file run-v8.pdb (PDB, C-alpha atoms and all ligand atoms)
ATOM      1  CA  SER A 513      29.039  11.682  -9.419
ATOM      2  CA  GLY A 514      28.944  14.961  -7.539
ATOM      3  CA  GLU A 515      25.168  14.868  -7.170
ATOM      4  CA  ARG A 516      23.991  15.829  -3.687
ATOM      5  CA  ILE A 517      20.602  15.376  -2.062
ATOM      6  CA  PHE A 518      19.224  17.827   0.496
ATOM      7  CA  SER A 519      16.228  17.833   2.752
ATOM      8  CA  ALA A 520      14.794  21.319   3.254
ATOM      9  CA  ARG A 521      12.759  22.696   6.145
ATOM     10  CA  CYS A 522      11.227  26.134   5.942
ATOM     11  CA  LEU A 523       9.801  28.271   8.723
ATOM     12  CA  PRO A 524       8.209  31.697   8.328
ATOM     13  CA  PHE A 525      10.093  34.392  10.268
ATOM     14  CA  ARG A 526       7.888  37.080  11.849
ATOM     15  CA  ASP A 527       8.596  40.334  13.655
ATOM     16  CA  ARG A 528       6.968  41.401  16.948
ATOM     17  CA  SER A 529       3.759  42.517  15.281
ATOM     18  CA  GLY A 530       3.394  39.178  13.555
ATOM     19  CA  GLN A 531       4.366  40.514  10.119
ATOM     20  CA  ASN A 532       6.171  38.050   7.867
ATOM     21  CA  VAL A 533       9.682  39.337   7.277
ATOM     22  CA  GLY A 534      11.125  36.301   5.589
ATOM     23  CA  VAL A 535      11.724  32.583   5.689
ATOM     24  CA  ILE A 536      14.301  30.553   7.550
ATOM     25  CA  MET A 537      15.383  27.562   5.545
ATOM     26  CA  VAL A 538      17.525  24.762   6.961
ATOM     27  CA  LEU A 539      19.181  22.519   4.390
ATOM     28  CA  HIS A 540      20.413  19.153   5.537
ATOM     29  CA  ASP A 541      22.758  17.149   3.319
ATOM     30  CA  ILE A 542      21.267  13.638   3.291
ATOM     31  CA  THR A 543      23.280  12.289   0.336
ATOM     32  CA  VAL A 544      24.939   9.567   2.441
ATOM     33  CA  ILE A 545      21.647   8.462   3.999
ATOM     34  CA  LYS A 546      20.021   8.258   0.555
ATOM     35  CA  LYS A 547      22.967   6.255  -0.831
ATOM     36  CA  MET A 548      22.714   3.814   2.071
ATOM     37  CA  ASP A 549      18.984   3.524   1.451
ATOM     38  CA  GLN A 550      19.747   2.637  -2.138
ATOM     39  CA  VAL A 551      22.252  -0.059  -1.124
ATOM     40  CA  ARG A 552      19.731  -1.527   1.323
ATOM     41  CA  SER A 553      16.967  -1.403  -1.261
ATOM     42  CA  ASP A 554      19.164  -3.091  -3.921
ATOM     43  CA  PHE A 555      20.115  -5.778  -1.425
ATOM     44  CA  VAL A 556      16.484  -6.480  -0.534
ATOM     45  CA  SER A 557      15.541  -6.704  -4.225
ATOM     46  CA  MET A 558      18.384  -9.078  -4.894
ATOM     47  CA  VAL A 559      17.463 -11.376  -1.996
ATOM     48  CA  ALA A 560      13.745 -11.263  -2.798
ATOM     49  CA  HIS A 561      14.426 -12.036  -6.431
ATOM     50  CA  GLU A 562      16.868 -14.869  -5.696
ATOM     51  CA  ILE A 563      14.436 -16.444  -3.241
ATOM     52  CA  ARG A 564      11.394 -16.348  -5.489
ATOM     53  CA  SER A 565      12.525 -18.728  -8.214
ATOM     54  CA  PRO A 566      13.577 -21.645  -5.958
ATOM     55  CA  LEU A 567      10.338 -21.200  -3.999
ATOM     56  CA  ASN A 568       8.315 -21.467  -7.178
ATOM     57  CA  SER A 569      10.248 -24.541  -8.137
ATOM     58  CA  ILE A 570       9.570 -26.134  -4.705
ATOM     59  CA  LEU A 571       5.866 -25.342  -5.165
ATOM     60  CA  ALA A 572       5.841 -26.985  -8.589
ATOM     61  CA  GLN A 573       7.541 -30.101  -7.235
ATOM     62  CA  ILE A 574       5.148 -30.401  -4.309
ATOM     63  CA  GLN A 575       2.298 -30.082  -6.799
ATOM     64  CA  VAL A 576       3.694 -32.995  -8.795
ATOM     65  CA  VAL A 577       3.632 -35.146  -5.650
ATOM     66  CA  ARG A 578       0.145 -33.914  -4.718
ATOM     67  CA  ASP A 579      -1.119 -34.767  -8.180
ATOM     68  CA  GLY A 580      -0.121 -38.365  -7.463
ATOM     69  CA  LEU A 581       2.564 -38.514 -10.159
ATOM     70  CA  ALA A 582       5.057 -39.940  -7.656
ATOM     71  CA  GLY A 583       2.644 -42.503  -6.259
ATOM     72  CA  GLY A 584      -0.555 -42.328  -4.247
ATOM     73  CA  LEU A 585      -0.808 -40.164  -1.115
ATOM     74  CA  THR A 586      -2.592 -40.786   2.139
ATOM     75  CA  GLU A 587      -5.036 -38.136   3.255
ATOM     76  CA  LYS A 588      -2.623 -37.092   6.025
ATOM     77  CA  GLN A 589       0.290 -36.697   3.573
ATOM     78  CA  GLU A 590      -1.879 -34.676   1.228
ATOM     79  CA  GLU A 591      -2.922 -32.433   4.119
ATOM     80  CA  ILE A 592       0.674 -31.795   5.198
ATOM     81  CA  LEU A 593       1.779 -30.963   1.648
ATOM     82  CA  GLY A 594      -1.239 -28.681   1.305
ATOM     83  CA  ARG A 595      -0.177 -26.739   4.377
ATOM     84  CA  ALA A 596       3.437 -26.589   3.189
ATOM     85  CA  SER A 597       2.303 -25.169  -0.181
ATOM     86  CA  GLU A 598       0.211 -22.571   1.597
ATOM     87  CA  ARG A 599       3.214 -21.351   3.602
ATOM     88  CA  ILE A 600       5.438 -21.271   0.534
ATOM     89  CA  ARG A 601       2.852 -19.265  -1.380
ATOM     90  CA  GLY A 602       2.954 -16.798   1.536
ATOM     91  CA  LEU A 603       6.730 -16.475   1.081
ATOM     92  CA  VAL A 604       6.355 -15.990  -2.678
ATOM     93  CA  SER A 605       3.930 -13.120  -2.140
ATOM     94  CA  LEU A 606       6.204 -11.642   0.533
ATOM     95  CA  SER A 607       9.131 -11.604  -1.887
ATOM     96  CA  SER A 608       6.948 -10.064  -4.610
ATOM     97  CA  GLU A 609       5.894  -7.291  -2.248
ATOM     98  CA  LEU A 610       9.490  -6.691  -1.162
ATOM     99  CA  LEU A 611      10.421  -6.328  -4.829
ATOM    100  CA  ASP A 612       7.542  -3.899  -5.398
ATOM    101  CA  LEU A 613       8.596  -1.797  -2.437
ATOM    102  CA  ALA A 614      12.227  -1.695  -3.539
ATOM    103  CA  ARG A 615      11.134  -0.714  -7.048
ATOM    104  CA  VAL A 616       8.966   2.104  -5.740
ATOM    105  CA  GLU A 617      11.694   3.324  -3.391
ATOM    106  CA  SER A 618      14.296   3.439  -6.120
ATOM    107  CA  GLY A 619      12.034   5.750  -8.147
ATOM    108  CA  LEU A 620      11.762   3.354 -11.073
ATOM    109  CA  ILE A 621       8.009   3.680 -11.208
ATOM    110  CA  LEU A 622       7.907   7.244 -12.395
ATOM    111  CA  GLN A 623       9.042   6.428 -15.878
ATOM    112  CA  GLU A 624       5.679   6.015 -17.558
ATOM    113  CA  ARG A 625       2.939   8.450 -16.645
ATOM    114  CA  GLU A 626      -0.368   9.062 -18.338
ATOM    115  CA  GLN A 627      -3.589  11.010 -17.761
ATOM    116  CA  ILE A 628      -5.818   8.920 -15.551
ATOM    117  CA  ASP A 629      -9.503   9.257 -14.737
ATOM    118  CA  LEU A 630      -9.679   8.053 -11.139
ATOM    119  CA  GLY A 631     -13.473   7.671 -11.326
ATOM    120  CA  GLU A 632     -13.118   5.109 -14.115
ATOM    121  CA  MET A 633     -10.337   3.360 -12.231
ATOM    122  CA  LEU A 634     -12.473   3.179  -9.090
ATOM    123  CA  LYS A 635     -15.312   1.583 -11.100
ATOM    124  CA  ASP A 636     -12.936  -1.081 -12.406
ATOM    125  CA  GLN A 637     -11.566  -1.677  -8.918
ATOM    126  CA  ARG A 638     -15.044  -1.989  -7.458
ATOM    127  CA  ASP A 639     -15.960  -4.592 -10.086
ATOM    128  CA  PHE A 640     -12.720  -6.452  -9.439
ATOM    129  CA  HIS A 641     -13.183  -6.597  -5.646
ATOM    130  CA  CYS A 642     -16.958  -7.161  -5.672
ATOM    131  CA  PRO A 643     -16.842 -10.985  -5.558
ATOM    132  CA  ARG A 644     -14.557 -11.001  -2.502
ATOM    133  CA  ALA A 645     -16.705  -8.405  -0.738
ATOM    134  CA  GLU A 646     -19.896 -10.313  -1.551
ATOM    135  CA  ALA A 647     -18.406 -13.543  -0.261
ATOM    136  CA  ALA A 648     -17.735 -11.729   3.035
ATOM    137  CA  HIS A 649     -21.242 -10.185   3.019
ATOM    138  CA  ILE A 650     -19.810  -6.694   2.792
ATOM    139  CA  THR A 651     -21.357  -4.048   0.548
ATOM    140  CA  LEU A 652     -18.991  -2.150  -1.728
ATOM    141  CA  ASP A 653     -20.404   1.155  -3.001
ATOM    142  CA  LEU A 654     -18.976   3.854  -5.194
ATOM    143  CA  LEU A 655     -19.856   7.529  -4.770
ATOM    144  CA  LEU A 656     -18.871  10.003  -7.495
ATOM    145  CA  PRO A 657     -20.615  13.307  -6.762
ATOM    146  CA  GLY A 658     -19.173  15.187  -9.736
ATOM    147  CA  PRO A 659     -16.813  15.038 -12.703
ATOM    148  CA  LEU A 660     -13.108  14.589 -11.977
ATOM    149  CA  MET A 661     -10.153  16.103 -13.782
ATOM    150  CA  PRO A 662      -7.455  13.611 -14.758
ATOM    151  CA  VAL A 663      -4.262  13.063 -12.753
ATOM    152  CA  LEU A 664      -0.864  12.417 -14.346
ATOM    153  CA  ALA A 665       0.264   9.118 -12.898
ATOM    154  CA  ASN A 666       1.568   5.640 -13.458
ATOM    155  CA  ARG A 667      -1.492   3.470 -14.103
ATOM    156  CA  ARG A 668      -0.218   0.188 -12.691
ATOM    157  CA  ASN A 669       0.962   1.867  -9.500
ATOM    158  CA  ILE A 670      -2.229   3.780  -8.822
ATOM    159  CA  GLU A 671      -4.177   0.567  -9.416
ATOM    160  CA  GLU A 672      -1.960  -1.021  -6.801
ATOM    161  CA  VAL A 673      -2.703   1.800  -4.350
ATOM    162  CA  LEU A 674      -6.474   1.466  -4.762
ATOM    163  CA  SER A 675      -6.374  -2.306  -4.782
ATOM    164  CA  ASN A 676      -4.373  -2.416  -1.551
ATOM    165  CA  LEU A 677      -6.679   0.006   0.248
ATOM    166  CA  ILE A 678      -9.854  -1.767  -0.908
ATOM    167  CA  GLY A 679      -8.343  -5.188  -0.148
ATOM    168  CA  ASN A 680      -7.471  -4.019   3.370
ATOM    169  CA  ALA A 681     -10.934  -2.555   3.883
ATOM    170  CA  ILE A 682     -12.431  -5.959   3.006
ATOM    171  CA  SER A 683      -9.927  -7.882   5.154
ATOM    172  CA  TYR A 684     -10.365  -5.714   8.239
ATOM    173  CA  THR A 685     -14.167  -5.385   8.119
ATOM    174  CA  PRO A 686     -16.353  -8.058   9.718
ATOM    175  CA  GLU A 687     -19.351  -9.669   7.995
ATOM    176  CA  GLY A 688     -22.289  -7.391   7.302
ATOM    177  CA  GLY A 689     -20.077  -4.304   7.020
ATOM    178  CA  GLN A 690     -20.023  -1.526   4.449
ATOM    179  CA  ILE A 691     -17.276  -0.076   2.302
ATOM    180  CA  GLU A 692     -17.699   3.179   0.453
ATOM    181  CA  LEU A 693     -15.338   4.334  -2.285
ATOM    182  CA  SER A 694     -15.493   7.973  -3.305
ATOM    183  CA  ALA A 695     -13.560  10.587  -5.227
ATOM    184  CA  ALA A 696     -13.893  14.346  -5.517
ATOM    185  CA  MET A 697     -11.981  17.417  -6.625
ATOM    186  CA  GLU A 698     -10.196  19.390  -3.888
ATOM    187  CA  SER A 699      -8.531  22.488  -5.370
ATOM    188  CA  ASP A 700      -5.515  21.217  -7.346
ATOM    189  CA  TYR A 701      -5.957  17.646  -6.163
ATOM    190  CA  VAL A 702      -8.242  14.708  -6.644
ATOM    191  CA  ARG A 703      -9.104  13.051  -3.358
ATOM    192  CA  VAL A 704      -9.944   9.360  -3.306
ATOM    193  CA  SER A 705     -11.361   7.895  -0.102
ATOM    194  CA  VAL A 706     -11.868   4.320   1.013
ATOM    195  CA  LYS A 707     -14.180   4.167   3.996
ATOM    196  CA  ASP A 708     -15.045   1.038   5.938
ATOM    197  CA  THR A 709     -17.105   0.045   8.979
ATOM    198  CA  GLY A 710     -14.385  -2.353  10.148
ATOM    199  CA  PHE A 711     -12.277  -2.959  13.244
ATOM    200  CA  GLY A 712     -10.651   0.448  13.096
ATOM    201  CA  ILE A 713      -7.119   1.299  14.224
ATOM    202  CA  ALA A 714      -6.076   2.430  17.716
ATOM    203  CA  PRO A 715      -4.603   5.982  17.847
ATOM    204  CA  GLU A 716      -1.165   4.650  18.864
ATOM    205  CA  ASP A 717      -1.071   2.418  15.764
ATOM    206  CA  VAL A 718      -2.226   4.943  13.188
ATOM    207  CA  ASP A 719       1.286   6.216  12.407
ATOM    208  CA  ARG A 720       2.941   2.826  12.646
ATOM    209  CA  ILE A 721       0.818   1.015  10.058
ATOM    210  CA  PHE A 722       2.764   2.757   7.283
ATOM    211  CA  ALA A 723       6.060   1.253   8.469
ATOM    212  CA  PRO A 724       7.285  -1.898   6.682
ATOM    213  CA  PHE A 725       6.168  -5.160   8.344
ATOM    214  CA  TYR A 726       4.052  -3.455  11.003
ATOM    215  CA  ARG A 727       0.801  -5.321  11.601
ATOM    216  CA  VAL A 728      -1.691  -4.697  14.364
ATOM    217  CA  LYS A 729      -2.099  -7.894  16.355
ATOM    218  CA  ASN A 730      -5.242  -8.260  18.443
ATOM    219  CA  ASP A 731      -8.003 -10.840  18.860
ATOM    220  CA  LYS A 732      -9.827  -9.569  15.788
ATOM    221  CA  THR A 733      -6.901  -9.301  13.371
ATOM    222  CA  ARG A 734      -4.705 -12.220  14.483
ATOM    223  CA  MET A 735      -6.207 -14.654  11.976
ATOM    224  CA  ILE A 736      -6.006 -12.287   8.990
ATOM    225  CA  VAL A 737      -3.020 -13.056   6.782
ATOM    226  CA  GLY A 738      -0.814 -10.305   5.431
ATOM    227  CA  THR A 739       2.764  -9.138   5.158
ATOM    228  CA  GLY A 740       2.584  -5.610   6.557
ATOM    229  CA  LEU A 741       4.041  -4.299   3.298
ATOM    230  CA  GLY A 742       0.839  -3.104   1.609
ATOM    231  CA  LEU A 743       0.577   0.319   3.219
ATOM    232  CA  PRO A 744       4.316   1.174   2.953
ATOM    233  CA  ILE A 745       4.038   0.450  -0.786
ATOM    234  CA  VAL A 746       0.886   2.575  -1.019
ATOM    235  CA  LYS A 747       2.535   5.470   0.823
ATOM    236  CA  SER A 748       5.717   5.360  -1.272
ATOM    237  CA  ILE A 749       3.737   5.341  -4.509
ATOM    238  CA  VAL A 750       1.495   8.216  -3.422
ATOM    239  CA  GLU A 751       4.465  10.303  -2.286
ATOM    240  CA  ALA A 752       6.393   9.532  -5.471
ATOM    241  CA  HIS A 753       3.443  11.166  -7.263
ATOM    242  CA  ASN A 754       3.694  14.255  -5.013
ATOM    243  CA  GLY A 755       0.525  13.296  -3.220
ATOM    244  CA  TRP A 756      -0.208  12.322   0.363
ATOM    245  CA  ILE A 757      -2.199   9.775   2.329
ATOM    246  CA  ARG A 758      -4.079  10.295   5.564
ATOM    247  CA  VAL A 759      -6.152   8.013   7.755
ATOM    248  CA  GLU A 760      -9.017   8.669  10.150
ATOM    249  CA  SER A 761     -10.101   5.818  12.348
ATOM    250  CA  THR A 762     -12.195   5.010  15.388
ATOM    251  CA  PRO A 763     -11.604   1.593  16.932
ATOM    252  CA  GLY A 764     -14.740  -0.496  16.679
ATOM    253  CA  ARG A 765     -16.377   1.918  14.212
ATOM    254  CA  GLY A 766     -14.200   1.907  11.108
ATOM    255  CA  SER A 767     -11.471   3.632   9.143
ATOM    256  CA  THR A 768     -11.213   6.004   6.205
ATOM    257  CA  PHE A 769      -8.071   6.262   4.101
ATOM    258  CA  HIS A 770      -7.815   9.467   2.029
ATOM    259  CA  VAL A 771      -5.382   9.725  -0.868
ATOM    260  CA  HIS A 772      -4.684  13.107  -2.495
ATOM    261  CA  LEU A 773      -3.123  13.137  -5.951
ATOM    262  CA  PRO A 774      -2.192  16.335  -7.822
ATOM    263  CA  LEU A 775      -3.948  17.169 -11.102
ATOM    264  CA  GLY A 776      -2.047  16.306 -14.254
ATOM    265  CA  LYS A 777      -1.694  19.841 -15.562
TER     266      LYS A 777
HETATM  267  P1  LIG B 801      -1.192  -6.248   5.830
HETATM  268  O1  LIG B 801      -2.617  -5.943   5.492
HETATM  269  O2  LIG B 801      -0.527  -7.178   4.882
HETATM  270  O3  LIG B 801      -0.986  -6.614   7.266
HETATM  271  P2  LIG B 801      -0.706  -3.411   5.404
HETATM  272  O4  LIG B 801       0.587  -2.670   5.342
HETATM  273  O5  LIG B 801      -1.627  -3.293   4.243
HETATM  274  O6  LIG B 801      -0.325  -4.911   5.664
HETATM  275  O7  LIG B 801      -1.476  -2.950   6.709
HETATM  276  C1  LIG B 801      -0.775  -2.859   7.949
HETATM  277  C2  LIG B 801      -1.736  -3.011   9.110
HETATM  278  O8  LIG B 801      -2.618  -1.894   9.172
HETATM  279  C3  LIG B 801      -2.635  -4.225   9.018
HETATM  280  O9  LIG B 801      -2.007  -5.373   9.532
HETATM  281  C4  LIG B 801      -3.829  -3.805   9.850
HETATM  282  O10 LIG B 801      -3.558  -4.055  11.214
HETATM  283  C5  LIG B 801      -3.889  -2.301   9.656
HETATM  284  N1  LIG B 801      -4.921  -1.904   8.663
HETATM  285  C6  LIG B 801      -4.733  -1.625   7.363
HETATM  286  N2  LIG B 801      -5.894  -1.277   6.747
HETATM  287  C7  LIG B 801      -6.848  -1.334   7.706
HETATM  288  C8  LIG B 801      -8.274  -1.073   7.714
HETATM  289  N3  LIG B 801      -8.945  -0.691   6.613
HETATM  290  N4  LIG B 801      -8.921  -1.231   8.902
HETATM  291  C9  LIG B 801      -8.261  -1.621  10.019
HETATM  292  N5  LIG B 801      -6.932  -1.875  10.062
HETATM  293  C10 LIG B 801      -6.227  -1.737   8.931
END

call {"tool": "encode", "arguments": {"input": "run-v8.pdb", "output": "structure tokens"}}
result
Amino acid sequence: SGERIFSARCLPFRDRSGQNVGVIMVLHDITVIKKMDQVRSDFVSMVAHEIRSPLNSILAQIQVVRDGLAGGLTEKQEEILGRASERIRGLVSLSSELLDLARVESGLILQEREQIDLGEMLKDQRDFHCPRAEAAHITLDLLLPGPLMPVLANRRNIEEVLSNLIGNAISYTPEGGQIELSAAMESDYVRVSVKDTGFGIAPEDVDRIFAPFYRVKNDKTRMIVGTGLGLPIVKSIVEAHNGWIRVESTPGRGSTFHVHLPLGK
């Protein structure tokens, strides 16, 4: 079709005395770039989808062998198959996350929106993540200083945003640490924050962690498993809801991720 997509940049234009006399707007036709993005995204979805079913079938077959249905196993054989299953499960979750990202990027998620009370959602998320935090001897507190107005959003996606941020906070915080979830009104937005006392993120990595597959590799994080797709998914979802995400972090002290979502007026 003849649909075109533009990116717009606006700058205020002032005279010598600093008075605003107008706005300069530069429009850039990015239709071709967006179309290529779509092709790439469709391709990734297709590959991820095609890979997932054979992987699941391999997992099921290994399980049959591990259950002893094809004859008894030595301890060594069982151990090797256990490790193989572990790696395959990693690939299955990678393909699921690739599918999620492609879905978010193609704008499919915006179809169903409802009024959401983020305070209630945070309570549910805290309850859901509590066992994992407890097992790691990390406290998980929720701070709701006042009532919140609802946001208009896709429930499943916002759950994914919160779940990813809380999951990361648990993964990247050592034993004995603290995580604090909070939410508050900020003019026409609700701000949700996930604060941890974890490893923190070096200044040069702060912008990169939102790029697909980027993972910080150092002595502390090397053993933590992940795909590097969590934060790109989070960012795409938040931006698709006309919100934004920001991170403050001090290496060795901890990180705070702030998500702003517009009110559902
Ligand atoms: P994953 O956790 O699967 O590696 P993410 O996209 O969720 O992927 O995160 C990217 C990287 O950002 C992580 O590998 C980690 O290095 C860093 N990171 C994310 N959350 C935190 C956090 N709360 N504290 C410290 N580092 C974090």

call {"tool": "residues_around", "arguments": {"input": "run-v8.pdb", "residues": "range 675-683 of chain A", "least_positions_apart": "2", "cutoff": "10 Å", "atoms": "all atoms listed in the file", "output": "ChimeraX atom specification"}}
result
/A:634,637-638,640-642,644-646,648-652,669-673,685-687,689-693,705-712,733,736-738,741-743,745-746,766-771

call {"tool": "axis_aligned_box", "arguments": {"input": "run-v8.pdb", "around": "ligand LIG 801 (chain B)", "padding_each_side": "8 Å", "output": "lines of an AutoDock Vina configuration file"}}
result
center_x = -4.2
center_y = -3.9
center_z = 7.7
size_x = 25.5
size_y = 22.5
size_z = 23.0

call {"tool": "atom_distance", "arguments": {"input": "run-v8.pdb", "atom1": "CA of Arg599 in chain A", "atom2": "CA of Asp554 in chain A"}}
result
25.4 Å

call {"tool": "atom_distance", "arguments": {"input": "run-v8.pdb", "atom1": "CA of Pro774 in chain A", "atom2": "CA of Cys522 in chain A"}}
result
21.6 Å

call {"tool": "closest_residue", "arguments": {"input": "run-v8.pdb", "among": "A:Ser748, A:Thr739, A:Thr762, A:Ser569", "to": "ligand LIG 801 (chain B)", "atoms": "all atoms listed in the file"}}
result
A:Thr739

call {"tool": "resolve_selection", "arguments": {"input": "run-v8.pdb", "expression": "the PyMOL selection byres (((chain A and resi 719) around 12) and not hetatm)", "output": "VMD selection string"}}
result
chain A and resid 713 to 718 720 to 724 726 to 728 743 to 744 747 757 to 761

call {"tool": "residues_around", "arguments": {"input": "run-v8.pdb", "residues": "Ala596 in chain A", "least_positions_apart": "5", "cutoff": "9 Å", "atoms": "all atoms listed in the file", "output": "short mmCIF file (atom, residue, chain, number, x, y, z; two decimals) with C-alpha atoms, keeping the file's coordinate frame"}}
result
data_model
loop_
_atom_site.label_atom_id
_atom_site.label_comp_id
_atom_site.auth_asym_id
_atom_site.auth_seq_id
_atom_site.Cartn_x
_atom_site.Cartn_y
_atom_site.Cartn_z
CA LEU A 571 5.87 -25.34 -5.16
CA ILE A 574 5.15 -30.40 -4.31
CA GLU A 591 -2.92 -32.43 4.12
CA ARG A 601 2.85 -19.26 -1.38
#

call {"tool": "closest_residue", "arguments": {"input": "run-v8.pdb", "among": "A:Leu660, A:Met735, A:Leu585, A:Val616", "to": "ligand LIG 801 (chain B)", "atoms": "all atoms listed in the file"}}
result
A:Met735

call {"tool": "residues_near_point", "arguments": {"input": "run-v8.pdb", "point": "(18.6, 16.7, -1.9)", "cutoff": "12 Å", "atoms": "all atoms listed in the file", "output": "MDAnalysis selection string"}}
result
chainID A and resid 514:521 539:547

call {"tool": "resolve_selection", "arguments": {"input": "run-v8.pdb", "expression": "the PyMOL selection byres (((chain A and resi 777) around 8) and not hetatm)", "output": "list in words"}}
result
Val663, Leu664, Leu775 and Gly776 of chain A

call {"tool": "residues_around", "arguments": {"input": "run-v8.pdb", "residues": "Phe525 in chain A", "least_positions_apart": "5", "cutoff": "7 Å", "atoms": "only C-alpha atoms", "output": "list in words"}}
result
Asn532, Val533, Gly534, Val535 and Ile536 of chain A

call {"tool": "closest_residue", "arguments": {"input": "run-v8.pdb", "among": "A:Ser608, A:Gln589, A:Ser618, A:Gln573", "to": "Val551 in chain A", "atoms": "all atoms listed in the file"}}
result
A:Ser618

call {"tool": "decode", "arguments": {"input": "run-v8.pdb", "residues": "range 707-722 of chain A", "atoms": "N, CA and C atoms", "output": "PDB file, in the first residue's frame"}}
result
ATOM      1  N   LYS A 707      14.096  -2.151  42.661  1.00  0.00           N
ATOM      2  CA  LYS A 707      15.393  -1.736  43.179  1.00  0.00           C
ATOM      3  C   LYS A 707      16.082  -2.919  43.841  1.00  0.00           C
ATOM      4  N   ASP A 708      17.352  -3.133  43.504  1.00  0.00           N
ATOM      5  CA  ASP A 708      18.051  -4.249  44.143  1.00  0.00           C
ATOM      6  C   ASP A 708      19.389  -3.799  44.724  1.00  0.00           C
ATOM      7  N   THR A 709      19.952  -4.653  45.591  1.00  0.00           N
ATOM      8  CA  THR A 709      21.269  -4.361  46.172  1.00  0.00           C
ATOM      9  C   THR A 709      22.289  -5.311  45.542  1.00  0.00           C
ATOM     10  N   GLY A 710      22.146  -5.528  44.231  1.00  0.00           N
ATOM     11  CA  GLY A 710      22.952  -6.543  43.541  1.00  0.00           C
ATOM     12  C   GLY A 710      24.277  -6.052  42.995  1.00  0.00           C
ATOM     13  N   PHE A 711      24.747  -6.753  41.948  1.00  0.00           N
ATOM     14  CA  PHE A 711      26.076  -6.488  41.388  1.00  0.00           C
ATOM     15  C   PHE A 711      26.177  -5.111  40.729  1.00  0.00           C
ATOM     16  N   GLY A 712      25.036  -4.591  40.299  1.00  0.00           N
ATOM     17  CA  GLY A 712      25.080  -3.310  39.604  1.00  0.00           C
ATOM     18  C   GLY A 712      25.569  -3.470  38.172  1.00  0.00           C
ATOM     19  N   ILE A 713      25.560  -2.367  37.424  1.00  0.00           N
ATOM     20  CA  ILE A 713      25.921  -2.397  36.008  1.00  0.00           C
ATOM     21  C   ILE A 713      26.898  -1.251  35.762  1.00  0.00           C
ATOM     22  N   ALA A 714      28.010  -1.542  35.094  1.00  0.00           N
ATOM     23  CA  ALA A 714      29.017  -0.507  34.824  1.00  0.00           C
ATOM     24  C   ALA A 714      28.422   0.543  33.874  1.00  0.00           C
ATOM     25  N   PRO A 715      28.832   1.818  34.010  1.00  0.00           N
ATOM     26  CA  PRO A 715      28.258   2.887  33.180  1.00  0.00           C
ATOM     27  C   PRO A 715      28.315   2.566  31.681  1.00  0.00           C
ATOM     28  N   GLU A 716      29.415   1.918  31.235  1.00  0.00           N
ATOM     29  CA  GLU A 716      29.525   1.663  29.785  1.00  0.00           C
ATOM     30  C   GLU A 716      28.555   0.566  29.317  1.00  0.00           C
ATOM     31  N   ASP A 717      27.989  -0.193  30.265  1.00  0.00           N
ATOM     32  CA  ASP A 717      27.064  -1.258  29.876  1.00  0.00           C
ATOM     33  C   ASP A 717      25.600  -0.837  29.966  1.00  0.00           C
ATOM     34  N   VAL A 718      25.345   0.257  30.678  1.00  0.00           N
ATOM     35  CA  VAL A 718      23.964   0.622  30.973  1.00  0.00           C
ATOM     36  C   VAL A 718      23.103   0.759  29.706  1.00  0.00           C
ATOM     37  N   ASP A 719      23.652   1.342  28.642  1.00  0.00           N
ATOM     38  CA  ASP A 719      22.850   1.479  27.424  1.00  0.00           C
ATOM     39  C   ASP A 719      22.779   0.184  26.633  1.00  0.00           C
ATOM     40  N   ARG A 720      23.817  -0.626  26.762  1.00  0.00           N
ATOM     41  CA  ARG A 720      23.889  -1.833  25.929  1.00  0.00           C
ATOM     42  C   ARG A 720      22.975  -2.949  26.404  1.00  0.00           C
ATOM     43  N   ILE A 721      22.621  -2.969  27.696  1.00  0.00           N
ATOM     44  CA  ILE A 721      21.850  -4.105  28.201  1.00  0.00           C
ATOM     45  C   ILE A 721      20.460  -4.196  27.581  1.00  0.00           C
ATOM     46  N   PHE A 722      20.021  -3.134  26.894  1.00  0.00           N
ATOM     47  CA  PHE A 722      18.708  -3.196  26.244  1.00  0.00           C
ATOM     48  C   PHE A 722      18.801  -3.720  24.812  1.00  0.00           C
TER      49      PHE A 722
END
